[in-house]
Amino acid sequence: MALPARIDTEDQLEDLLTTPKPALVQAMSELQGDLIILGAGGKIGPTMARLARRAFDEAGSKSGVIGVARFSNPRIREQLQAAGIKTITADLLTPESLGRLPHAGNVIHLAARKFGSTGNEPLTWATNVYLPARVAERYRHARIVALSTGNVYPLTAVDSGGPTEDHPTGPIGEYAQSCLGRERLFAYFSRLYGTPVSLIRLNYAIDLRYGVLLDIATRVYAGEPIDLSMGYVNVIWQGDANAAILKSLAHCASPPFILNLTGPELLSVRQLAMDFGRLFGKEPILQGREEPNALLSNPSRCVRLLGPLTVSVRQMIHWVAHWVRIRGPTLDKPTHYQTRDGRF
């Protein structure tokens with residue numbers, strides 16, 4: 001499918017995000033058993049669930065897709081059901097919730113907490129560490145893909161190329177520490193039970209309704225200052241990220257398979273602001289100066305194993321600029337990519 005020059009509606013965006021490429025259809029055709037997505041009501045869960053359903057359908061697979069979440073927005077649940085996805089409303093932190101869930105051969109664990117972590121650290125640790133331990137026990141006979149984050153790495157030198165999966169972790173702040181705790185608990189139970197697991201360290205997925213590019217574009221358009229202290233980032237189109245997460249089910253292993261998931265380009269925040277400024281006909285307000293290190297990841301393993309990305313940074317910039325210009329809807333969830341002290 002050719003990429004559109006611009007995206008004008010959420011329906012168009014959703015269709016683009018949930019249309020599977022042939023490589024994903026092939027990967028899903030080889031998957032045995034149902035797929036359950038824990039945390040299916042968040043930022044990426046709804047499009048991932050629909051992408052999986054469409055890929056199974058195109059592959060001629062009878063496997064089911066089950067989405068589990070609190071579904072505080074009932075519209076999301078209705079949309080998933082209309083797409084052929086079974087939904088279960090549950091608060092996964094309640095003691096009895098996991099025991100009531102159906103068995104599935106494949107699990108994607110998206111349930112997590114980031115924003116609001118500062119000031120409510122106990123809930124962050126319960127969600128990001130205690131819950132993964134319970135999920136790992138409940139689904140010890142399944143394949144589990146657990147979403148993690150590049151925040152488990154320390155800030156690294158901009159000219160280093162970013163840390164690979166073998167780089168020592170060094171989380172900054174309690175949110176990042178709890179994310180490493182999530183990884184450690186999944187790894188522990190993977191070794192204990194032989195559960196095949198993939199740990200996906202995602203850095204800055206881009207959907208027109210949220211993401212680093214939207215954060216920068218919105219500030220440029222509104223004439224608000226851009227903080228340059230976190231001067232460089234990696235980003236990836238959400239559709240490419242969803243496809244890679246689903247493909248990583250085939251790479252689950254014990255001990256866990258670890259994968260950095262992001263785009264390969266080292267992007268300058270200053271240059272991104274200038275690019276949006278040119279598209280908007282506005283001079284960006286730049287504040288501060290770039291520090292010599294940043295939160296980065298090296299995704300060379302991902303590209304080698306799962307194939308090239310389908311949406312370029314240039315394409316994302318143009319899509320986001322148009323979305324901001326037409327006042328497209330957003331999730332109102334800034335990434336806080338500029339945060340350097342780990343307090344979210």
# chains A, B, ... in the order shown; residues from 1 in each chain; ligands from 1
>>> select_by_dssp(residues="segment 80-203 of chain A", states="strand (DSSP E or B)", output="PyMOL selection string")
chain A and resi 86-89+106-109+143-149+156-157+197-202
>>> select_by_dssp(residues="segment 149-293 of chain A", states="alpha helix (DSSP H)", output="PyMOL selection string")
chain A and resi 173-193+212-222+238-247+269-280
>>> residues_around(residues="Ala146 of chain A", least_positions_apart="3", cutoff="6 Å", atoms="only C-alpha atoms", output="PyMOL selection string")
chain A and resi 108-109+199
>>> residues_around(residues="Leu267 of chain A", least_positions_apart="6", cutoff="12 Å", atoms="only C-alpha atoms", output="JSON, numbers by chain")
{"A": [158, 159, 161, 162, 204, 212, 213, 230, 231, 232, 233, 234, 235, 236, 273, 275, 294, 295, 296, 297, 313, 314, 317]}
>>> residues_around(residues="Ile36 of chain A", least_positions_apart="5", cutoff="9 Å", atoms="only C-alpha atoms", output="list in words")
Ala49, Gly64, Val65, Ile66, Gly67, Val68, Pro102, His103, Ala104, Gly105, Asn106, Val107, Ile108 and His109 of chain A
>>> residues_around(residues="His251 of chain A", least_positions_apart="4", cutoff="8 Å", atoms="only C-alpha atoms", output="list in words")
Ser198, Lys247 and Phe257 of chain A
>>> write_last_selection(atoms="N, CA and C atoms", output="compact mmCIF listing (two decimals), in the first residue's frame")
# COMPACT_ATOMS: atom_id res chain seq x y z
N SER A 198 10.19 -12.32 25.25
CA SER A 198 10.90 -11.24 24.56
C SER A 198 10.69 -9.96 25.35
N LYS A 247 5.92 -9.43 15.58
CA LYS A 247 6.90 -10.36 15.00
C LYS A 247 7.82 -10.94 16.06
N PHE A 257 14.86 -13.02 25.17
CA PHE A 257 15.39 -12.30 24.03
C PHE A 257 15.14 -10.81 24.26
>>> atom_distance(atom1="atom CA of Thr89 of chain A", atom2="atom CA of Ala69 of chain A")
5.4 Å
>>> residues_around(residues="Thr218 of chain A", least_positions_apart="5", cutoff="12 Å", atoms="only C-alpha atoms", output="MDAnalysis selection string")
chainID A and resid 208:213 223:226 272:273 276:277 280 282 284 317 320:328 330 332 334
>>> closest_residue(among="A:Cys179, A:Ala82, A:Leu147, A:Val25", to="Ile37 of chain A", atoms="only C-alpha atoms")
A:Leu147
>>> closest_residue(among="A:Arg140, A:Arg219, A:Lys333, A:His167", to="Tyr188 of chain A", atoms="only C-alpha atoms")
A:Arg140
>>> closest_atom_pairs(of="segment 78-194 of chain A", to="segment 3-15 of chain A", cutoff="12 Å", atoms="only C-alpha atoms", output="tab-separated table")
residue	atom	partner	partner_atom	distance
A:Gln79	CA	A:Glu14	CA	11.0
A:Leu80	CA	A:Glu14	CA	11.9
A:Ala83	CA	A:Asp15	CA	11.6
>>> write_last_selection(atoms="C-alpha atoms", output="mmCIF file, in the first residue's frame")
data_model
loop_
_atom_site.group_PDB
_atom_site.id
_atom_site.type_symbol
_atom_site.label_atom_id
_atom_site.label_comp_id
_atom_site.auth_asym_id
_atom_site.auth_seq_id
_atom_site.Cartn_x
_atom_site.Cartn_y
_atom_site.Cartn_z
ATOM 1 C CA GLN A 79 -14.179 -0.265 18.462
ATOM 2 C CA LEU A 80 -12.193 -3.378 19.335
ATOM 3 C CA ALA A 83 -13.117 -5.271 14.732
#
>>> atom_distance(atom1="atom CA of Gly33 of chain A", atom2="atom CA of Phe189 of chain A")
21.2 Å
>>> atom_distance(atom1="atom CA of Leu259 of chain A", atom2="atom CA of Arg143 of chain A")
15.5 Å
>>> decode(residues="segment 111-132 of chain A", atoms="C-alpha atoms", output="PDB file, in the first residue's frame")
ATOM      1  CA  ALA A 111       0.205  -2.785  31.093  1.00  0.00           C
ATOM      2  CA  ALA A 112       2.507  -0.183  32.635  1.00  0.00           C
ATOM      3  CA  ARG A 113       2.656   3.145  34.432  1.00  0.00           C
ATOM      4  CA  LYS A 114       4.886   6.120  33.600  1.00  0.00           C
ATOM      5  CA  PHE A 115       3.370   9.573  33.935  1.00  0.00           C
ATOM      6  CA  GLY A 116       2.409  10.476  37.454  1.00  0.00           C
ATOM      7  CA  SER A 117       5.062   8.134  38.829  1.00  0.00           C
ATOM      8  CA  THR A 118       6.600  10.910  40.921  1.00  0.00           C
ATOM      9  CA  GLY A 119       4.452  11.284  44.005  1.00  0.00           C
ATOM     10  CA  ASN A 120       2.792   7.883  43.604  1.00  0.00           C
ATOM     11  CA  GLU A 121       5.802   5.601  43.511  1.00  0.00           C
ATOM     12  CA  PRO A 122       4.090   2.613  45.222  1.00  0.00           C
ATOM     13  CA  LEU A 123       1.503   2.343  42.424  1.00  0.00           C
ATOM     14  CA  THR A 124       4.254   2.650  39.818  1.00  0.00           C
ATOM     15  CA  TRP A 125       6.192  -0.234  41.372  1.00  0.00           C
ATOM     16  CA  ALA A 126       3.060  -2.341  41.806  1.00  0.00           C
ATOM     17  CA  THR A 127       2.129  -1.861  38.149  1.00  0.00           C
ATOM     18  CA  ASN A 128       5.596  -2.171  36.663  1.00  0.00           C
ATOM     19  CA  VAL A 129       7.089  -4.902  38.878  1.00  0.00           C
ATOM     20  CA  TYR A 130       4.513  -6.737  41.012  1.00  0.00           C
ATOM     21  CA  LEU A 131       2.028  -7.181  38.150  1.00  0.00           C
ATOM     22  CA  PRO A 132       4.641  -8.581  35.713  1.00  0.00           C
TER      23      PRO A 132
END
